[in-house]
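One structure below.
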Amino acid sequence: MRLRLVPKETSIDFFSRWKIWLGISGLLVVLAFASYALQGLNFGIDFRGGTTIRTESTQPLDVGVYRDALAALELGDVAISEVFDPTFGPDQNVAQIRIQAQEGEESVSGDVVAAVGDALSAVDPGLKLPFPSVESVGPKVSGELIQTAIIAVLLAIGAVLIYIWLRFEWQFALGAVAALVHDVILTIGIFSELQIRFDLAIIAALLTIVGYSLNDTVVVFDRVRENLRKYKKRPLAEVLNLSINETLSRTVMTSVTTLLALISLFVLGGDVIRGFVFAMIWGVIVGTYSSIFVASAILLYLGVKRDWSKQSASAGTQFGAADGGTQYDIPERFRSKDAPGAAKKADGGKKGSDDASDGGGGGDD
Amino acid sequence: MLKIEGWKRVLIWGVVLFGLLLAVPNGFYGQVERSNDAEARIEAGFEDAETLTAAAGWPSWMPSGLVNLGLDLRGGAHLLAEVRLEEVYETRLDAFWPELRDALRPERDAVGTIRLQESDGTSLRVRISRPEGIARAMEIARSLATPLQSLTGALQSDIDVSADGDILIIRLSEAERAATDDRTMAQTLEIIRRRIDAAGTREPTIQRQGERRVLIQVPGIGSAQEIKDLIGVPALLTFQPVVGRTTDPEAVPGVGNELLPSADSREDGIFYILERTPVVTGETLVNAQPSFDQNGNPSVDFRFNTTGARDFCDYTSANIGSPFAIVLDSEVVSAPTIQSAICGGSGQITGSFTIEESTQLAILLRAGSLPAGLDFLEERTVGPDLGQDSIDAGTIACIVAFIAVLIFMGLSYGLFGLFANVALIINVGLIFGLLSSLGATLTLPGIAGIVLTIGMAVDANVLIFERIREELKTAKGPARAIELGYEKALSAIIDANITTFITAVILWLMGSGPVQGFAVTLGLGIVTSVFTAIFVTRLLIVIWFERARPKTVEV
């Protein structure tokens, strides 16, 4: 008996309401922007400079008492939050203190950390010293980190845009990139909405989401490409639907295994990386959704070049019939086995670079 | 049809075994670490029974590379410092002044009397009393320049000489500044390394980053302040002639002199006027040890090298009865009066030290002074307990994730799922093997990368298995279906993984520290998961197929 999350044969119509799905995604993107505009991101010290101190005490802690104790030090903006985690023992009471970057100083001086230690141990006899962790980033470095992070995300998006463009067609590349821009914006949106701390590790998570979302999109697109060659006369919407249905089982399987792993990390991995893991879980869900409802829907909207030579009904493609550029080339083995009829029609012109790896795979046996 | 040649099988198993062998030492982390440390000590010439036993704790024929744990896991301090390179220019120019003065003096007829002007530290300004002689003065100054080879190969002078009316202006040339910067950075790195080594911490990382930054990572230190105390001070020791003493902090010391405060707590509010050019500097010290003076107060004993000893001897013989100052980082530690010529080459620094301070000062003097001051831009410390907590939590999360995925795959694909599981286990082993052999650093986000890989690694297998299912539907023989499944899934696997790999590479290039650690495990995970999916599971399936010869297969 097999566990089957997706029935053997599915024929779900994903595109009967594709405009609605695109609309919903558009709306979510707008909401993400609105949240960002209204509250902004809760930047960690990596990006705004300042100091975070993690405290641990055997005594139950009172954030108010801590705040009063630190107020006397006149450190400017001080934020204190208690940290809860199922992995903590009963006498582990952890708090996170964030202190703004001090005037005229690059990194926090040891004196400030020592003063905080003195002030807190005066009100909390159970306080552990030295602090479990102290991080301090000067304004100079945090400025550079923001810059690097933005460049990294743009570079990643640009690089995959080019890669998919080379391997597929520009419509695919646009669809894929639209999907991952969508994912990145929604992730930033949820961080803004929930005010989860946004630091350097989240950028790593964002890039991973870019990678995962692409992974998913590419698998669907790969099948679309294959089916476009196979079924030359079926409308694009049908081919897309067929491709998504065929890959649905895999999409769900991979998302579930990845989520299983991530959720165990979210629950058991400790609070230090919880934000990071949350971003990835969110990214996997959004990424899976977007590869079907954004990437494919955009592909449907843009249309793709079909390699039938005779003009035929191109339902579902709005611009597809209009441009007749390069034609898809069909590998030999596909012609004989899968689409014998098509093979005769297709002119064996140039061997596309898009089949380079197929050839490599065939050479294995 | 469904065949893999013999040599390929050997190769695949060989790679797997080799990779797993590289991962083995991590299973015995403490033991291997002790053994490696002991071997390093033996290499350095320490050989005792204890070390030999420890070294024998891990067989020498086994690989002994370990995954480096990042600071967020093992605890330690991470500091990013910027070097104030401009300070060195000023020192360079100051040192040029006596040379220039001596060269201009014999030409008094042409240039008149010369006088050093106040400057902003980027240039040396000299006024001559005969403006018409400025051309001659410039000529003389230029004759003192040393040619130096620039990167482009063109010969350049180390100084730029210009004039403004009756003022001769000397600046360091661009090429000289670049060369000075490189020298300063090299010296800074070396001195930081010596100071940290002297403090006896293990495996510090001290790297130059970019033009003017130094990254310092010291594992096992509880607070960054300890390191900052150690490397944050220049520890520039000089012996300077005393011109006068004052209580006025605004006193004008005069050109060529400077006003420095006293560091002695018993001399609060006292300032010394000193000649700017030192008699001897700390660079001529060969040794420094903490000790006690005749009153039992902590002090530091030091020894000059021959040049230093001679200069000090000459100066003290000529100036008996006048005071000289021992200056450390622009504060006068003490200003004794010269009782007699000191020619033995050794001396003692006394002042109001605590024992800790005198010990620290001795270390700093031994290691040498930093050529320029440091600004700390970033510091992160993680206590070893928090690091251990993270390792524990990460390990548990990894194991749970692993088991969950194994069960899920088994339930979903049956026997084939089992093959995928074997491949997954090998996959994780290979990641650790690669991490160890590359000497890569495992960070907390890196652990997350491994967990993510566990989740995503099955993707390639899922793609293949789903494809085989589809091919089976079209009622081809099982062997053909499996073969087609692999063949047709390949392009999706390659495309999907290359795109993810691109993002991992970008992360690695742009990221730092923990983020880079994540990129490394993610990237390696992609490589190993593609390898295990395409080769290992395939080989397992082929072997099974050959033995069982099934008429039908269920995936």
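Residues in the structure tokens are named by chain (A, B, ... in the order shown) and by number from 1 within that chain; ligands are numbered from 1 in the order shown.
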(request) Please return, as a ChimeraX atom specification, all residues of chain A lying within 7 Å of chain B when only C-alpha atoms are considered. (result) /A:2-4,106-107,110,130,132-138,141,148,152,156,160,201,204,207,211-212,214-215,218-219,222,250,254,257-258,260-262,264-265,268-270,357-358,361-362,365
(request) Pick out the residues sitting within 12 Å of range 186-190 of chain B, and hand them over as a ChimeraX atom specification; count only C-alpha atoms, and ignore anything fewer than 3 positions along from it in its own chain. (result) /B:81-85,88,179-183,193-197,204-209,211-216,231-234,367-374
Please produce a file of the residues just selected, as a PDB file, in the first residue's frame, where the atoms kept are C-alpha atoms.
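The result, stored in part07.pdb:
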```pdb
ATOM      1  CA  ALA B  81      38.676  46.316  12.415  1.00  0.00           C
ATOM      2  CA  GLU B  82      39.666  49.123  10.118  1.00  0.00           C
ATOM      3  CA  VAL B  83      43.248  50.329  10.064  1.00  0.00           C
ATOM      4  CA  ARG B  84      43.841  54.082  10.190  1.00  0.00           C
ATOM      5  CA  LEU B  85      46.283  54.037   7.305  1.00  0.00           C
ATOM      6  CA  VAL B  88      51.390  56.074   8.926  1.00  0.00           C
ATOM      7  CA  ALA B 179      53.130  50.749  -1.041  1.00  0.00           C
ATOM      8  CA  THR B 180      52.902  52.138   2.490  1.00  0.00           C
ATOM      9  CA  ASP B 181      49.328  50.873   2.799  1.00  0.00           C
ATOM     10  CA  ASP B 182      50.368  47.368   1.824  1.00  0.00           C
ATOM     11  CA  ARG B 183      53.243  47.435   4.256  1.00  0.00           C
ATOM     12  CA  ARG B 193      48.753  37.513  15.085  1.00  0.00           C
ATOM     13  CA  ARG B 194      51.731  37.699  17.430  1.00  0.00           C
ATOM     14  CA  ARG B 195      49.722  39.331  20.184  1.00  0.00           C
ATOM     15  CA  ILE B 196      46.882  36.821  19.953  1.00  0.00           C
ATOM     16  CA  ASP B 197      49.309  33.906  19.776  1.00  0.00           C
ATOM     17  CA  PRO B 204      42.673  32.272  15.555  1.00  0.00           C
ATOM     18  CA  THR B 205      41.777  33.492  12.067  1.00  0.00           C
ATOM     19  CA  ILE B 206      43.382  36.771  11.119  1.00  0.00           C
ATOM     20  CA  GLN B 207      42.694  37.909   7.593  1.00  0.00           C
ATOM     21  CA  ARG B 208      42.976  41.031   5.559  1.00  0.00           C
ATOM     22  CA  GLN B 209      39.653  42.090   4.094  1.00  0.00           C
ATOM     23  CA  GLU B 211      41.801  47.631   1.285  1.00  0.00           C
ATOM     24  CA  ARG B 212      42.138  48.423   4.927  1.00  0.00           C
ATOM     25  CA  ARG B 213      40.261  45.955   7.060  1.00  0.00           C
ATOM     26  CA  VAL B 214      41.257  43.064   9.230  1.00  0.00           C
ATOM     27  CA  LEU B 215      38.959  40.223  10.193  1.00  0.00           C
ATOM     28  CA  ILE B 216      39.834  38.553  13.473  1.00  0.00           C
ATOM     29  CA  ILE B 231      44.959  44.307  19.906  1.00  0.00           C
ATOM     30  CA  GLY B 232      43.138  47.590  20.216  1.00  0.00           C
ATOM     31  CA  VAL B 233      46.101  49.584  21.488  1.00  0.00           C
ATOM     32  CA  PRO B 234      49.059  50.539  19.309  1.00  0.00           C
ATOM     33  CA  ALA B 367      54.831  41.539  19.996  1.00  0.00           C
ATOM     34  CA  GLY B 368      55.731  44.995  18.763  1.00  0.00           C
ATOM     35  CA  SER B 369      53.658  48.063  18.154  1.00  0.00           C
ATOM     36  CA  LEU B 370      50.917  48.431  15.617  1.00  0.00           C
ATOM     37  CA  PRO B 371      51.941  50.809  12.845  1.00  0.00           C
ATOM     38  CA  ALA B 372      48.529  52.496  12.987  1.00  0.00           C
ATOM     39  CA  GLY B 373      45.473  52.615  15.193  1.00  0.00           C
ATOM     40  CA  LEU B 374      42.424  50.393  14.691  1.00  0.00           C
TER      41      LEU B 374
END
```
(request) Determine which residues of range 40-125 of chain B DSSP labels as helix (DSSP H, G or I) from the backbone of this structure, then write them out as a ChimeraX atom specification. (result) /B:40-43,49-55,71-74,86-111
(message) Can you tell me which residues surround Ser142 in chain A at a distance of at most 6 Å, considering only C-alpha atoms, apart from same-chain residues fewer than 4 positions away, and format the answer as a list in words?
(response) Asp46, Phe47, Arg48 and Gly49 of chain A
(request) For Val279 in chain B, work out the shell of residues within 8 Å, counting only C-alpha atoms and skipping chain neighbours fewer than 2 positions away, then give it as a list in words. (result)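 Here the answer would be Thr238, Phe239, Gln240, Pro241, Thr277, Thr281, Asp311, Phe312 and Tyr315 of chain B.
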(request) Please provide the set of residues having any atom within 10 Å of Arg136 in chain B, restricted to only C-alpha atoms, with same-chain residues fewer than 3 positions apart removed, written as a VMD selection string. (result) chain B and resid 104 107 110 to 111 132 to 133 139 to 142
If you keep N, CA and C atoms, can you produce a file of those selected residues as a PDB file, in the first residue's frame?
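The result, stored in again13.pdb:
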```pdb
ATOM      1  N   LEU B 104      69.148  70.648   3.676  1.00  0.00           N
ATOM      2  CA  LEU B 104      68.968  72.057   3.326  1.00  0.00           C
ATOM      3  C   LEU B 104      69.967  72.968   4.041  1.00  0.00           C
ATOM      4  N   GLU B 107      72.956  74.483   2.390  1.00  0.00           N
ATOM      5  CA  GLU B 107      72.623  75.374   1.278  1.00  0.00           C
ATOM      6  C   GLU B 107      72.076  76.707   1.788  1.00  0.00           C
ATOM      7  N   ALA B 110      71.744  79.738  -0.444  1.00  0.00           N
ATOM      8  CA  ALA B 110      70.717  79.781  -1.491  1.00  0.00           C
ATOM      9  C   ALA B 110      69.303  79.905  -0.925  1.00  0.00           C
ATOM     10  N   VAL B 111      69.013  79.165   0.144  1.00  0.00           N
ATOM     11  CA  VAL B 111      67.631  79.106   0.616  1.00  0.00           C
ATOM     12  C   VAL B 111      67.386  79.874   1.906  1.00  0.00           C
ATOM     13  N   GLU B 132      63.419  83.410  -3.193  1.00  0.00           N
ATOM     14  CA  GLU B 132      63.985  83.212  -4.534  1.00  0.00           C
ATOM     15  C   GLU B 132      64.726  81.872  -4.620  1.00  0.00           C
ATOM     16  N   GLY B 133      65.029  81.289  -3.474  1.00  0.00           N
ATOM     17  CA  GLY B 133      65.764  80.016  -3.471  1.00  0.00           C
ATOM     18  C   GLY B 133      64.858  78.802  -3.502  1.00  0.00           C
ATOM     19  N   GLU B 139      64.745  71.355  -5.639  1.00  0.00           N
ATOM     20  CA  GLU B 139      65.713  70.460  -6.272  1.00  0.00           C
ATOM     21  C   GLU B 139      66.367  69.549  -5.234  1.00  0.00           C
ATOM     22  N   ILE B 140      66.725  70.170  -4.094  1.00  0.00           N
ATOM     23  CA  ILE B 140      67.366  69.392  -3.033  1.00  0.00           C
ATOM     24  C   ILE B 140      66.409  68.340  -2.488  1.00  0.00           C
ATOM     25  N   ALA B 141      65.157  68.785  -2.269  1.00  0.00           N
ATOM     26  CA  ALA B 141      64.173  67.845  -1.726  1.00  0.00           C
ATOM     27  C   ALA B 141      63.988  66.670  -2.680  1.00  0.00           C
ATOM     28  N   ARG B 142      63.922  66.990  -3.979  1.00  0.00           N
ATOM     29  CA  ARG B 142      63.715  65.920  -4.962  1.00  0.00           C
ATOM     30  C   ARG B 142      64.890  64.955  -4.980  1.00  0.00           C
TER      31      ARG B 142
END
```
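Within 7 Å of range 330-345 of chain B there are Leu260, Pro261, Ser262, Ala263, Asp264, Arg303, Phe304, Ala309, Cys313, Thr316, Ser317, Ile320, Gly321, Ser322, Pro323, Phe324, Ala325, Ile326, Val327, Thr350 and Gly351 of chain B, counting only C-alpha atoms and ignoring same-chain residues fewer than 3 positions away.
Excluding Ile97 in chain A and any residue on its chain fewer than 4 positions from it, the residues at most 9 Å away by only C-alpha atoms are A:Thr51, A:Thr52, A:Ile53, A:Arg54, A:Thr55, A:Val78, A:Ala79, A:Ile80, A:Ser81, A:Glu82.
Closest to Tyr36 in chain A among A:Glu193, A:Asp91, A:Asp68, A:Asp199 is A:Glu193, based on only C-alpha atoms.
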(request) Choose the residue, out of A:Leu299, A:Val153, A:Ile292, A:Leu242, that has the smallest atom-to-atom separation from Thr10 in chain A; count only C-alpha atoms. (result)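 Checking each of A:Leu299, A:Val153, A:Ile292, A:Leu242 against Thr10 in chain A, counting only C-alpha atoms, the winner is A:Leu242.
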(request) Run DSSP on the backbone and give me the residues of range 32-116 of chain B it puts in strand (DSSP E or B), as JSON, numbers by chain. (result) {"B": [68, 69, 76, 77, 78, 79, 80, 81, 82, 83, 114, 115, 116]}
(request) Go through A:Ala101, A:Ile45, A:Ala119, A:Val177 one by one, measure the shortest atom-to-atom distance of each to Ile146 in chain A using only C-alpha atoms, and give the residue with the smallest value. (result) A:Ile45
